[in-house]
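Novice: Have a look at this one.
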Amino acid sequence: MYIPTKTPPVILTGSVSCGDISFEEYSKLMKAYSNKVFQDAPQLRIPLSEDTITSDWNRNFSNFQAQCFYICRCIFKDNEPIGWFYGIQEKARTFNMINTGILPEHQGQGIYTALLHQLIIELTGLGFTVVKSQHSLNNNHVLIPKLKKGFVISGIEVFSGFGTLVHLAYFVNPNEKKAFSYKIGRIPLDPEIESWIIK
């Protein structure tokens, strides 16, 4: 499959690179390979009921997609597409890693870790202070690299389309990570945290 990039691909590791692509090209990749990548955790495509199908919703989503900041990337090995990444700005300083897929035969080779490292540097440079993501409970190919990178578990959700999801968060600001650790009971109150209490 030929996937045109909007920018020259950047080397991730060895012969693996990634480049920016359009949302339409990302959708093509997803359609072609998602069943292969996510075969252990198939997603349900839940039909909309009659009262939820409106042209206004489709138009509003298209407008939202056009106006918000997002990143779509194709991952290549020897110029052949082997995966993708899609993420979107959720709040002023929060970026949500929506979807990453790497073909099974290329998993476990450090590609996801290299992609994650590059994204964290890029998003930090853009001013984001929190990077979020959601994953299936058994998706160790993603959970382990992210926990090693410094992501923390921030919640669990049962979602009708995907099942039970683990929410992860990466805090660029060490003070925010410290406050989070205090709020979940991992560390005790200390003078620095006490100085942050709004009185």
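Chain labels A, B, ... are given in the sequence in which chains occur in the structure tokens; within each chain residues are numbered consecutively from 1, and ligands are likewise numbered from 1 in the order shown.
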Residues at most 10 Å from Ile11 in chain A, counting only C-alpha atoms, excluding those fewer than 6 positions away in the same chain, as a VMD selection string?

Specialist: chain A and resid 17 to 19 75 to 77 114 to 115 118

Novice: Env of Ile187 in chain A: 9 Å cut, atoms = only C-alpha atoms, seq-sep filter 5 positions within chain, self excluded. Answer as a ChimeraX atom specification.

Specialist: /A:178,181-182

Novice: Output C-alpha atoms of each residue in that selection to a file, as an mmCIF file, in the first residue's frame.

Specialist:
data_model
loop_
_atom_site.group_PDB
_atom_site.id
_atom_site.type_symbol
_atom_site.label_atom_id
_atom_site.label_comp_id
_atom_site.auth_asym_id
_atom_site.auth_seq_id
_atom_site.Cartn_x
_atom_site.Cartn_y
_atom_site.Cartn_z
ATOM 1 C CA LYS A 178 4.147 14.881 42.544
ATOM 2 C CA SER A 181 1.136 10.939 43.527
ATOM 3 C CA TYR A 182 0.006 12.729 46.692
#

Novice: Any idea what's packed within 10 Å of Val172 in chain A, counting only C-alpha atoms, ignoring anything in its chain fewer than 4 positions away? Could you give it as a ChimeraX atom specification?

Specialist: /A:120-121,123-124,127-131,150-151,176-177

Novice: From range 83-175 of chain A, collect each residue whose DSSP state is strand (DSSP E or B) and return the set as an MDAnalysis selection string.

Specialist: chainID A and resid 83:91 94:102 130:136 152:159 163:171

Novice: Hey, can you spit out that residue selection with N, CA and C atoms as a tab-separated table (two decimals), in the first residue's frame?

Specialist:
chain	number	residue	atom	x	y	z
A	83	GLY	N	2.63	0.54	10.29
A	83	GLY	CA	1.86	0.99	11.45
A	83	GLY	C	1.44	2.43	11.32
A	84	TRP	N	0.81	2.94	12.38
A	84	TRP	CA	0.27	4.30	12.35
A	84	TRP	C	0.19	4.87	13.76
A	85	PHE	N	-0.01	6.17	13.82
A	85	PHE	CA	-0.27	6.87	15.08
A	85	PHE	C	-1.26	8.00	14.82
A	86	TYR	N	-2.21	8.16	15.75
A	86	TYR	CA	-3.15	9.28	15.69
A	86	TYR	C	-3.37	9.79	17.10
A	87	GLY	N	-3.23	11.12	17.28
A	87	GLY	CA	-3.48	11.74	18.57
A	87	GLY	C	-4.05	13.13	18.39
A	88	ILE	N	-4.70	13.63	19.43
A	88	ILE	CA	-5.43	14.89	19.31
A	88	ILE	C	-5.34	15.71	20.59
A	89	GLN	N	-5.34	17.03	20.43
A	89	GLN	CA	-5.34	17.91	21.59
A	89	GLN	C	-6.70	17.82	22.28
A	90	GLU	N	-6.67	17.54	23.59
A	90	GLU	CA	-7.92	17.37	24.33
A	90	GLU	C	-8.27	18.63	25.12
A	91	LYS	N	-7.27	19.24	25.74
A	91	LYS	CA	-7.43	20.51	26.47
A	91	LYS	C	-6.27	21.40	26.09
A	94	THR	N	-3.24	19.41	27.26
A	94	THR	CA	-3.36	17.96	27.33
A	94	THR	C	-3.49	17.36	25.93
A	95	PHE	N	-2.64	16.38	25.63
A	95	PHE	CA	-2.68	15.69	24.34
A	95	PHE	C	-3.06	14.24	24.58
A	96	ASN	N	-4.00	13.72	23.80
A	96	ASN	CA	-4.49	12.36	23.96
A	96	ASN	C	-4.00	11.48	22.81
A	97	MET	N	-3.22	10.46	23.14
A	97	MET	CA	-2.76	9.49	22.15
A	97	MET	C	-3.91	8.53	21.88
A	98	ILE	N	-4.65	8.78	20.81
A	98	ILE	CA	-5.88	8.04	20.55
A	98	ILE	C	-5.62	6.62	20.07
A	99	ASN	N	-4.74	6.47	19.07
A	99	ASN	CA	-4.60	5.15	18.46
A	99	ASN	C	-3.21	4.97	17.88
A	100	THR	N	-2.58	3.86	18.23
A	100	THR	CA	-1.31	3.45	17.64
A	100	THR	C	-1.41	1.99	17.27
A	101	GLY	N	-0.97	1.65	16.08
A	101	GLY	CA	-0.98	0.26	15.65
A	101	GLY	C	0.31	-0.10	14.94
A	102	ILE	N	0.86	-1.24	15.29
A	102	ILE	CA	2.05	-1.77	14.59
A	102	ILE	C	1.74	-3.22	14.22
A	130	VAL	N	0.61	17.38	29.78
A	130	VAL	CA	0.05	16.07	30.09
A	130	VAL	C	-0.19	15.32	28.78
A	131	VAL	N	0.27	14.07	28.73
A	131	VAL	CA	0.01	13.19	27.59
A	131	VAL	C	-0.79	12.00	28.11
A	132	LYS	N	-1.95	11.76	27.52
A	132	LYS	CA	-2.85	10.72	28.00
A	132	LYS	C	-3.02	9.62	26.96
A	133	SER	N	-3.47	8.45	27.42
A	133	SER	CA	-3.81	7.37	26.50
A	133	SER	C	-4.70	6.36	27.21
A	134	GLN	N	-5.33	5.51	26.42
A	134	GLN	CA	-6.21	4.47	26.96
A	134	GLN	C	-5.89	3.16	26.25
A	135	HIS	N	-5.84	2.05	27.02
A	135	HIS	CA	-5.42	0.78	26.44
A	135	HIS	C	-6.19	-0.39	27.06
A	136	SER	N	-6.33	-1.46	26.28
A	136	SER	CA	-6.92	-2.69	26.81
A	136	SER	C	-6.05	-3.22	27.94
A	152	VAL	N	1.82	6.90	34.28
A	152	VAL	CA	1.22	6.32	35.48
A	152	VAL	C	-0.23	5.97	35.19
A	153	ILE	N	-0.73	4.99	35.91
A	153	ILE	CA	-2.14	4.61	35.76
A	153	ILE	C	-3.00	5.68	36.41
A	154	SER	N	-3.93	6.23	35.62
A	154	SER	CA	-4.76	7.33	36.13
A	154	SER	C	-6.24	6.97	36.20
A	155	GLY	N	-6.60	5.76	35.78
A	155	GLY	CA	-8.00	5.36	35.87
A	155	GLY	C	-8.29	4.10	35.09
A	156	ILE	N	-9.49	3.57	35.30
A	156	ILE	CA	-9.98	2.40	34.57
A	156	ILE	C	-11.40	2.70	34.12
A	157	GLU	N	-11.72	2.28	32.91
A	157	GLU	CA	-13.04	2.56	32.33
A	157	GLU	C	-13.53	1.32	31.59
A	158	VAL	N	-14.81	1.05	31.71
A	158	VAL	CA	-15.43	0.00	30.89
A	158	VAL	C	-16.17	0.69	29.76
A	159	PHE	N	-15.72	0.43	28.54
A	159	PHE	CA	-16.25	1.11	27.36
A	159	PHE	C	-16.94	0.09	26.46
A	163	GLY	N	-14.30	-2.64	25.69
A	163	GLY	CA	-14.18	-3.40	26.93
A	163	GLY	C	-13.51	-2.58	28.01
A	164	THR	N	-12.74	-3.25	28.89
A	164	THR	CA	-12.09	-2.57	30.00
A	164	THR	C	-10.79	-1.91	29.54
A	165	LEU	N	-10.68	-0.61	29.79
A	165	LEU	CA	-9.52	0.16	29.37
A	165	LEU	C	-8.77	0.71	30.57
A	166	VAL	N	-7.44	0.72	30.48
A	166	VAL	CA	-6.59	1.35	31.48
A	166	VAL	C	-6.23	2.73	30.96
A	167	HIS	N	-6.43	3.76	31.78
A	167	HIS	CA	-6.05	5.13	31.42
A	167	HIS	C	-4.65	5.41	31.97
A	168	LEU	N	-3.79	5.94	31.10
A	168	LEU	CA	-2.44	6.31	31.51
A	168	LEU	C	-2.22	7.80	31.32
A	169	ALA	N	-1.32	8.37	32.11
A	169	ALA	CA	-0.99	9.79	31.97
A	169	ALA	C	0.51	9.98	32.18
A	170	TYR	N	1.08	10.85	31.35
A	170	TYR	CA	2.49	11.24	31.48
A	170	TYR	C	2.52	12.72	31.83
A	171	PHE	N	3.14	13.06	32.96
A	171	PHE	CA	3.21	14.44	33.40
A	171	PHE	C	4.58	15.02	33.08

Novice: Step one, run DSSP on the backbone; step two, keep only residues of range 75-140 of chain A assigned to helix (DSSP H, G or I); then write them as a ChimeraX atom specification.

Specialist: /A:104-106,111-125,140

Novice: Grab the CA of Thr5 in chain A to CA of Ile21 in chain A distance for me, in Å with one decimal place.

Specialist: 4.8 Å

Novice: So that I can see what lies close to range 192-195 of chain A, please list as a list in words the residues with an atom at most 10 Å from it, counting only C-alpha atoms and leaving out residues fewer than 3 positions away in the same chain.

Specialist: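 Here the answer would be Asn175, Lys178, Ala179, Tyr182, Pro188, Leu189, Ile198 and Lys199 of chain A.
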
Novice: With C-alpha atoms kept, could you save the residues just selected as a CSV table (one decimal), in the first residue's frame?

Specialist:
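This went into result09.csv:
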chain,number,residue,atom,x,y,z
A,175,ASN,CA,5.3,19.1,40.3
A,178,LYS,CA,4.1,14.9,42.5
A,179,ALA,CA,0.7,16.4,43.2
A,182,TYR,CA,0.0,12.7,46.7
A,188,PRO,CA,2.7,11.8,52.1
A,189,LEU,CA,2.0,15.5,52.5
A,198,ILE,CA,-5.4,26.7,48.0
A,199,LYS,CA,-6.5,28.5,51.2

Novice: Please determine, counting only C-alpha atoms, which residue among A:Leu29, A:Ile197, A:Val37, A:Leu12 has the shortest atom-to-atom distance to His117 in chain A.

Specialist: A:Leu12

Novice: Could you check how far CA of Glu122 in chain A sits from CA of Asn173 in chain A, in Å to one decimal?

Specialist: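 Rounded to one decimal, the two atoms are 14.9 Å apart.
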